[in-house]
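Data block below; observations after.
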Amino acid sequence: MEETIVDINLKDKEEYVINMGPQHPSTHGVLRFETCLQGEKVKWIVPHCGYIHRGIEKMSEKLTYPQMIHLTDRMDYLSAHINNEAVALCVEKAMEVEVSDRVKYIRTILAELTRIASHQLWWSAFGMDLGALTTFFYGLRDREKILDIFEETTGSRLTQSYITPGGLMHDVHPNFQKKVKEFCKYFRTKLPEYDELLTGNVIFRERTIGIGYMSKEDAIDFGVTGPSGRGSGFHCDIRKIEPYSAYPKVNFNEITFTEGDTYHRYLVRIKEMWESLSIIEQLVDNIPQGPIMLELKAIKAPKGDFYQRVETARGELGVYIVSDGAPQPARIHFRTPNFSNLFIINKISAGHKIADLVAISGSLDLVIPDIDR
Amino acid sequence: MTREELTTLITAKYPDIKAGTMKKYPEFIVPTDKIHQLCRELKDLPETRMDYLFGETAADRKDGFHMVYFLTSSTLGHCIMLRVVLTDKANPSVDTVSDIWRAAEYHEREVFDLFGIRFNNHPDLRRIFLEDDWVGHPLRKDYKDSFTLVK
């Protein structure tokens, strides 16, 4: 009799620690979750990062501002245009110069195309994480069209390095407006397919509704921004809080939900794609004429401290520059959205099943090189 | 609150806190021993309610390590920047603010890793990016690295 009791107690205490990653398909990069499990349930998670730390901040101290643009692409590689824009804006505001309206419009259109492309890839991979392989083909089919637009104008599909302090590297391709309008028209017919495939799917809803609850207070406390924070009702859209480029000229809604679960973080991104389409359509017909590059003698920030916040596809990117007046910064810091979004995972997945951990980490939309820099 | 209102509020309570020169956000230079108390008050006071720490980092300057904190209020919308100058370059340390904002816990681990600044009362002060046995702190200006490709 006594033996049985001992066995039951042992079973209750049966804990084991497994490493999810650093090479795991659902972490989308080299990130390791040290996961303590009790049976199938997650007890706690410690994320370990640094596997792809490249010292971008240290390298940038030796580079001039236009040179370091190329490193920012490699942080959040799905928001390359927006990362470029963040450094460009920070330097321009430090130098107290303003780019032409043409540049502002093009930057905003590119930023919103980037956001759509990023959300498309996230949607594709998120479905795949949950076992729905079809989404990957649908998402990438549409993302190709955006990458083609980028390639035509910038010559590159992923790391464009196109937006630079003072303006743009060169003017857009003559086909740009036509192609963007074609894409908007095309994607408006394809986006409802995303809802048909995944949003209304019973299995998908069962696996996401009520899973990974994040309260608004926790989101603010941990600094979780972007669609992940807005799914919990945290109004953190920098495009609304500190409007930059052409955002003051367009009408769009900040999508927020108060439910804070995996499903609503998903919904924010789906609805944001509609908003981005609307922003692009408001701007693309009205791109004014003007110079694409300011005529500056030298690109260097004056002595002082400068900070610029922008909204990438994943949340708030902050660029902090300390300058001594040299063409290189004395210190540059990137407050990246993924770094701040990552560490809440212990709090929101504790108590859920290990399979739900994949759904939860997918719904945070982590890009690992952006965490490690 | 505007820059003037914030300056009045803070300097009335803490006469040894000076206003800084940053243009974008109101900046205050805080003595090392006051930072925790000031942060706690900025979060709790109903007129400031700085509940969101949107950035915390450090810089290696000639007069010491500068810790900078960027705070904002999710309800009131105003921003503020705090700066602490750690003059003891050999052994820099400052009180943690991770008990006030959880976000600070990870920013401070990063600063500890790359600058070697110690945070008193921090719950889990470990390196975050580099190996545990890494020698030195790369973002210090005197860090020697034979492998750096960009000279």
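Residues in the structure tokens are numbered from 1 in each chain, the chains being A, B, ... in the order shown, and ligands are numbered from 1 in the order shown.
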
Checklist entry - So which residues touch Tyr65 (chain A) within 10 Å, counting only C-alpha atoms, skipping near sequence neighbours fewer than 3 positions away, as a PyMOL selection string? => result chain A and resi 60-62+68-70+87-88+91+164-165+299-301+327-329

Would you mind listing, for every residue of chain B within 8 Å of chain A, the two atoms forming the shortest contact and the distance between them in Å to one decimal, using only C-alpha atoms, sorted by chain and ascending residue number, as JSON lines?
{"residue": "B:Thr21", "atom": "CA", "partner": "A:Gly304", "partner_atom": "CA", "distance": 8.0}
{"residue": "B:Met22", "atom": "CA", "partner": "A:Asp305", "partner_atom": "CA", "distance": 6.1}
{"residue": "B:Lys23", "atom": "CA", "partner": "A:Phe306", "partner_atom": "CA", "distance": 7.9}
{"residue": "B:Lys24", "atom": "CA", "partner": "A:Phe306", "partner_atom": "CA", "distance": 7.3}
{"residue": "B:Asp51", "atom": "CA", "partner": "A:Asp221", "partner_atom": "CA", "distance": 6.9}
{"residue": "B:Tyr52", "atom": "CA", "partner": "A:Ile220", "partner_atom": "CA", "distance": 5.6}
{"residue": "B:Leu53", "atom": "CA", "partner": "A:Gly223", "partner_atom": "CA", "distance": 6.8}
{"residue": "B:Phe54", "atom": "CA", "partner": "A:Gly223", "partner_atom": "CA", "distance": 6.5}
{"residue": "B:Gly55", "atom": "CA", "partner": "A:Arg335", "partner_atom": "CA", "distance": 6.3}
{"residue": "B:Thr57", "atom": "CA", "partner": "A:His333", "partner_atom": "CA", "distance": 7.4}
{"residue": "B:Ala59", "atom": "CA", "partner": "A:Arg331", "partner_atom": "CA", "distance": 6.2}
{"residue": "B:Asp60", "atom": "CA", "partner": "A:Arg331", "partner_atom": "CA", "distance": 7.8}
{"residue": "B:Ser74", "atom": "CA", "partner": "A:His235", "partner_atom": "CA", "distance": 7.3}
{"residue": "B:Gly77", "atom": "CA", "partner": "A:Ile241", "partner_atom": "CA", "distance": 7.8}
{"residue": "B:Trp101", "atom": "CA", "partner": "A:Asp221", "partner_atom": "CA", "distance": 5.4}
{"residue": "B:Arg102", "atom": "CA", "partner": "A:Phe222", "partner_atom": "CA", "distance": 5.1}
{"residue": "B:Ala103", "atom": "CA", "partner": "A:Phe222", "partner_atom": "CA", "distance": 4.2}
{"residue": "B:Ala104", "atom": "CA", "partner": "A:Phe222", "partner_atom": "CA", "distance": 8.0}
{"residue": "B:Tyr106", "atom": "CA", "partner": "A:Ser340", "partner_atom": "CA", "distance": 7.9}
{"residue": "B:Ile128", "atom": "CA", "partner": "A:Cys49", "partner_atom": "CA", "distance": 6.6}
{"residue": "B:Phe129", "atom": "CA", "partner": "A:Gly50", "partner_atom": "CA", "distance": 3.8}
{"residue": "B:Leu130", "atom": "CA", "partner": "A:Gly50", "partner_atom": "CA", "distance": 6.2}
{"residue": "B:Pro138", "atom": "CA", "partner": "A:Lys58", "partner_atom": "CA", "distance": 7.3}
{"residue": "B:Leu139", "atom": "CA", "partner": "A:Lys58", "partner_atom": "CA", "distance": 6.0}
{"residue": "B:Val150", "atom": "CA", "partner": "A:Lys62", "partner_atom": "CA", "distance": 6.6}
{"residue": "B:Lys151", "atom": "CA", "partner": "A:Lys62", "partner_atom": "CA", "distance": 6.9}

Item to check | 12 Å contact set for region 178-189 of chain A, only C-alpha atoms, chain neighbours under 3 positions out, as a ChimeraX atom specification | outcome: /A:106,109-110,112-113,116-117,120,138-139,141-153,172-175,192-195,273-285

Checklist entry - Leu31 (chain A): which residues within 6 Å, counting only C-alpha atoms, same-chain residues fewer than 2 positions away excluded, as a list in words? => result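 Non-adjacent residues within range: Gly21, Pro22, Gly29 and Cys49 of chain A.
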
Quick one: write out the picked residues with N, CA and C atoms as a CSV table (one decimal), in the first residue's frame?
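Output below, filename again.csv:
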chain,number,residue,atom,x,y,z
A,21,GLY,N,14.9,24.5,-29.0
A,21,GLY,CA,15.9,25.3,-29.7
A,21,GLY,C,17.2,25.0,-29.2
A,22,PRO,N,18.3,25.7,-29.6
A,22,PRO,CA,18.3,26.8,-30.6
A,22,PRO,C,18.0,26.5,-32.0
A,29,GLY,N,14.3,30.8,-35.7
A,29,GLY,CA,15.7,31.3,-35.6
A,29,GLY,C,16.4,30.7,-34.5
A,49,CYS,N,19.1,34.0,-25.2
A,49,CYS,CA,19.4,34.6,-26.5
A,49,CYS,C,20.9,34.8,-26.6

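Here the question is which of A:Val250, A:Met128, A:Ile287, A:Ile209 gets nearest to Leu267 (chain A) using only C-alpha atoms, and that residue is A:Ile209.
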
Checklist entry - DSSP on the backbone: what in region 177-370 of chain A comes out alpha helix (DSSP H), as a ChimeraX atom specification? => result /A:177-194,202-208,216-222,226-230,238-241,262-284,337-342,345-349,354-364,368-370

Let's see if you can do this: from backbone DSSP, list all strand (DSSP E or B) residues in region 30-123 of chain B, as a short mmCIF file (atom, residue, chain, number, x, y, z; two decimals) with N, CA and C atoms, in the first residue's frame.
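Once everything was written out, this is states-v8.cif:
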data_model
loop_
_atom_site.label_atom_id
_atom_site.label_comp_id
_atom_site.auth_asym_id
_atom_site.auth_seq_id
_atom_site.Cartn_x
_atom_site.Cartn_y
_atom_site.Cartn_z
N TYR B 52 5.40 53.21 -18.29
CA TYR B 52 6.01 52.48 -19.40
C TYR B 52 7.44 52.96 -19.60
N LEU B 53 8.39 52.05 -19.34
CA LEU B 53 9.81 52.34 -19.57
C LEU B 53 10.11 51.91 -20.99
N PHE B 54 10.27 52.86 -21.90
CA PHE B 54 10.46 52.45 -23.30
C PHE B 54 11.91 52.38 -23.72
N GLY B 55 12.80 52.64 -22.82
CA GLY B 55 14.21 52.46 -23.15
C GLY B 55 15.07 52.64 -21.92
N GLU B 56 16.12 51.83 -21.83
CA GLU B 56 17.09 52.01 -20.76
C GLU B 56 18.41 51.49 -21.31
N THR B 57 19.40 52.34 -21.32
CA THR B 57 20.69 51.90 -21.83
C THR B 57 21.80 52.74 -21.21
N ALA B 58 23.01 52.52 -21.67
CA ALA B 58 24.15 53.25 -21.11
C ALA B 58 25.04 53.74 -22.24
N ALA B 59 25.93 54.66 -21.92
CA ALA B 59 26.92 55.12 -22.88
C ALA B 59 28.22 55.36 -22.12
N ASP B 60 29.35 55.05 -22.77
CA ASP B 60 30.66 55.25 -22.15
C ASP B 60 31.16 56.62 -22.56
N ARG B 61 31.17 57.56 -21.62
CA ARG B 61 31.59 58.93 -21.90
C ARG B 61 32.85 59.25 -21.10
N GLY B 64 32.48 59.37 -17.24
CA GLY B 64 31.93 58.18 -16.59
C GLY B 64 30.90 57.50 -17.46
N PHE B 65 30.28 56.47 -16.91
CA PHE B 65 29.21 55.80 -17.65
C PHE B 65 27.91 56.57 -17.42
N HIS B 66 27.20 56.83 -18.50
CA HIS B 66 25.92 57.51 -18.38
C HIS B 66 24.80 56.48 -18.52
N MET B 67 24.02 56.28 -17.47
CA MET B 67 22.82 55.45 -17.59
C MET B 67 21.69 56.36 -18.01
N VAL B 68 20.93 55.97 -19.03
CA VAL B 68 19.79 56.79 -19.43
C VAL B 68 18.51 55.97 -19.38
N TYR B 69 17.45 56.61 -18.96
CA TYR B 69 16.15 55.97 -18.82
C TYR B 69 15.14 56.80 -19.62
N PHE B 70 14.34 56.16 -20.43
CA PHE B 70 13.28 56.86 -21.17
C PHE B 70 11.95 56.38 -20.64
N LEU B 71 11.16 57.30 -20.09
CA LEU B 71 9.89 56.92 -19.50
C LEU B 71 8.76 57.65 -20.20
N THR B 72 7.61 57.00 -20.22
CA THR B 72 6.42 57.67 -20.73
C THR B 72 5.22 57.14 -19.97
N CYS B 79 6.59 62.25 -22.08
CA CYS B 79 7.83 61.47 -22.01
C CYS B 79 8.85 62.22 -21.17
N ILE B 80 9.83 61.48 -20.67
CA ILE B 80 10.88 62.08 -19.87
C ILE B 80 12.14 61.24 -20.05
N MET B 81 13.29 61.90 -19.92
CA MET B 81 14.55 61.16 -19.98
C MET B 81 15.32 61.44 -18.70
N LEU B 82 15.80 60.39 -18.06
CA LEU B 82 16.61 60.55 -16.85
C LEU B 82 18.02 60.09 -17.16
N ARG B 83 18.99 60.79 -16.57
CA ARG B 83 20.38 60.42 -16.80
C ARG B 83 21.09 60.32 -15.45
N VAL B 84 21.81 59.22 -15.27
CA VAL B 84 22.63 59.05 -14.08
C VAL B 84 24.08 58.93 -14.54
N VAL B 85 24.96 59.75 -13.98
CA VAL B 85 26.37 59.70 -14.36
C VAL B 85 27.11 58.89 -13.30
N LEU B 86 27.70 57.75 -13.73
CA LEU B 86 28.45 56.90 -12.81
C LEU B 86 29.93 57.22 -12.99
N SER B 93 28.27 51.04 -10.40
CA SER B 93 27.06 50.33 -9.94
C SER B 93 25.96 51.35 -9.67
N VAL B 94 24.74 50.89 -9.81
CA VAL B 94 23.57 51.76 -9.61
C VAL B 94 22.43 50.86 -9.16
N ASP B 95 21.44 51.45 -8.47
CA ASP B 95 20.29 50.65 -8.02
C ASP B 95 19.45 50.21 -9.21
N ARG B 118 27.07 47.20 -12.64
CA ARG B 118 26.36 46.31 -11.72
C ARG B 118 25.09 46.99 -11.23
N PHE B 119 24.03 46.23 -11.12
CA PHE B 119 22.76 46.78 -10.64
C PHE B 119 22.44 46.18 -9.28
N ASN B 120 22.43 47.02 -8.26
CA ASN B 120 22.16 46.55 -6.90
C ASN B 120 20.72 46.06 -6.81
#

Checklist entry - Between CA of Asp88 (chain B) and CA of Gly116 (chain B), what is the distance, to one decimal in Å? => result 12.0 Å

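For the choices B:Arg109, B:Lys89, B:Arg127, B:His122, the atom-to-atom distance to Asp142 (chain B) is smallest for B:Lys89 when using only C-alpha atoms.
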
Next on the checklist: Which residue is closest to Gln38 (chain A)? Choose from A:Ile354, A:Leu168, A:Val367, A:Ala359 and count only C-alpha atoms.
Outcome noted: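 Using only C-alpha atoms, Gln38 (chain A) sits closest to A:Ile354.
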
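The shortest atom-to-atom distance to Asp63 (chain B), with only C-alpha atoms taken into account, belongs to B:Thr87 out of B:Thr87, B:Tyr14, B:Arg126, B:Gln37.
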
Checklist entry - By how many Å are CA of Ile270 (chain A) and CA of Tyr77 (chain A) apart? => result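 Interatomic distance here is 20.2 Å.
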
Checklist entry - Hey, what's within 12 Å of Leu45 (chain B) if we count only C-alpha atoms and toss same-chain stuff fewer than 4 positions away? As number ranges by chain, please? => result B: 6, 9-10, 37-41, 49-51, 73

Please, could you write that set of residues out with N, CA and C atoms as a PDB file, in the first residue's frame?
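Written file, again27.pdb:
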ATOM      1  N   LEU B   6       6.979  69.619 -15.489  1.00  0.00           N
ATOM      2  CA  LEU B   6       7.792  68.518 -14.972  1.00  0.00           C
ATOM      3  C   LEU B   6       9.008  69.049 -14.217  1.00  0.00           C
ATOM      4  N   LEU B   9       7.917  70.355 -10.868  1.00  0.00           N
ATOM      5  CA  LEU B   9       7.545  69.263  -9.972  1.00  0.00           C
ATOM      6  C   LEU B   9       8.777  68.567  -9.410  1.00  0.00           C
ATOM      7  N   ILE B  10       9.728  68.273 -10.287  1.00  0.00           N
ATOM      8  CA  ILE B  10      10.877  67.473  -9.849  1.00  0.00           C
ATOM      9  C   ILE B  10      11.862  68.317  -9.046  1.00  0.00           C
ATOM     10  N   GLN B  37      14.345  56.093  -5.948  1.00  0.00           N
ATOM     11  CA  GLN B  37      13.263  56.821  -5.280  1.00  0.00           C
ATOM     12  C   GLN B  37      12.478  57.685  -6.280  1.00  0.00           C
ATOM     13  N   LEU B  38      13.219  58.367  -7.163  1.00  0.00           N
ATOM     14  CA  LEU B  38      12.572  59.236  -8.149  1.00  0.00           C
ATOM     15  C   LEU B  38      11.724  58.416  -9.124  1.00  0.00           C
ATOM     16  N   CYS B  39      12.271  57.284  -9.588  1.00  0.00           N
ATOM     17  CA  CYS B  39      11.527  56.449 -10.529  1.00  0.00           C
ATOM     18  C   CYS B  39      10.236  55.955  -9.893  1.00  0.00           C
ATOM     19  N   ARG B  40      10.342  55.516  -8.642  1.00  0.00           N
ATOM     20  CA  ARG B  40       9.153  55.035  -7.928  1.00  0.00           C
ATOM     21  C   ARG B  40       8.095  56.134  -7.869  1.00  0.00           C
ATOM     22  N   GLU B  41       8.536  57.350  -7.566  1.00  0.00           N
ATOM     23  CA  GLU B  41       7.567  58.452  -7.452  1.00  0.00           C
ATOM     24  C   GLU B  41       6.969  58.805  -8.807  1.00  0.00           C
ATOM     25  N   ARG B  49       2.375  59.426 -13.550  1.00  0.00           N
ATOM     26  CA  ARG B  49       1.987  58.058 -13.946  1.00  0.00           C
ATOM     27  C   ARG B  49       2.844  57.487 -15.068  1.00  0.00           C
ATOM     28  N   MET B  50       4.150  57.507 -14.879  1.00  0.00           N
ATOM     29  CA  MET B  50       5.072  56.974 -15.885  1.00  0.00           C
ATOM     30  C   MET B  50       5.112  55.450 -15.762  1.00  0.00           C
ATOM     31  N   ASP B  51       4.192  54.783 -16.434  1.00  0.00           N
ATOM     32  CA  ASP B  51       4.094  53.335 -16.229  1.00  0.00           C
ATOM     33  C   ASP B  51       4.824  52.536 -17.294  1.00  0.00           C
ATOM     34  N   SER B  73       4.120  57.836 -20.149  1.00  0.00           N
ATOM     35  CA  SER B  73       2.886  57.428 -19.500  1.00  0.00           C
ATOM     36  C   SER B  73       1.933  56.923 -20.568  1.00  0.00           C
TER      37      SER B  73
END

Next on the checklist: Taking 5 positions as the minimum chain separation for residues in the same chain, which residues sit within 6 Å of region 251-258 of chain A when counting only C-alpha atoms? Answer as a ChimeraX atom specification.
Outcome noted: /A:230-233,268

Go ahead and write the residues just picked, C-alpha atoms, as a tab-separated table (two decimals), in the first residue's frame.
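Below you can see part.tsv, which holds the result:
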chain	number	residue	atom	x	y	z
A	230	ARG	CA	-2.37	46.08	-28.99
A	231	GLY	CA	-4.06	42.69	-28.71
A	232	SER	CA	-4.17	43.41	-24.97
A	233	GLY	CA	-5.52	46.95	-25.35
A	268	VAL	CA	-4.78	42.64	-34.86
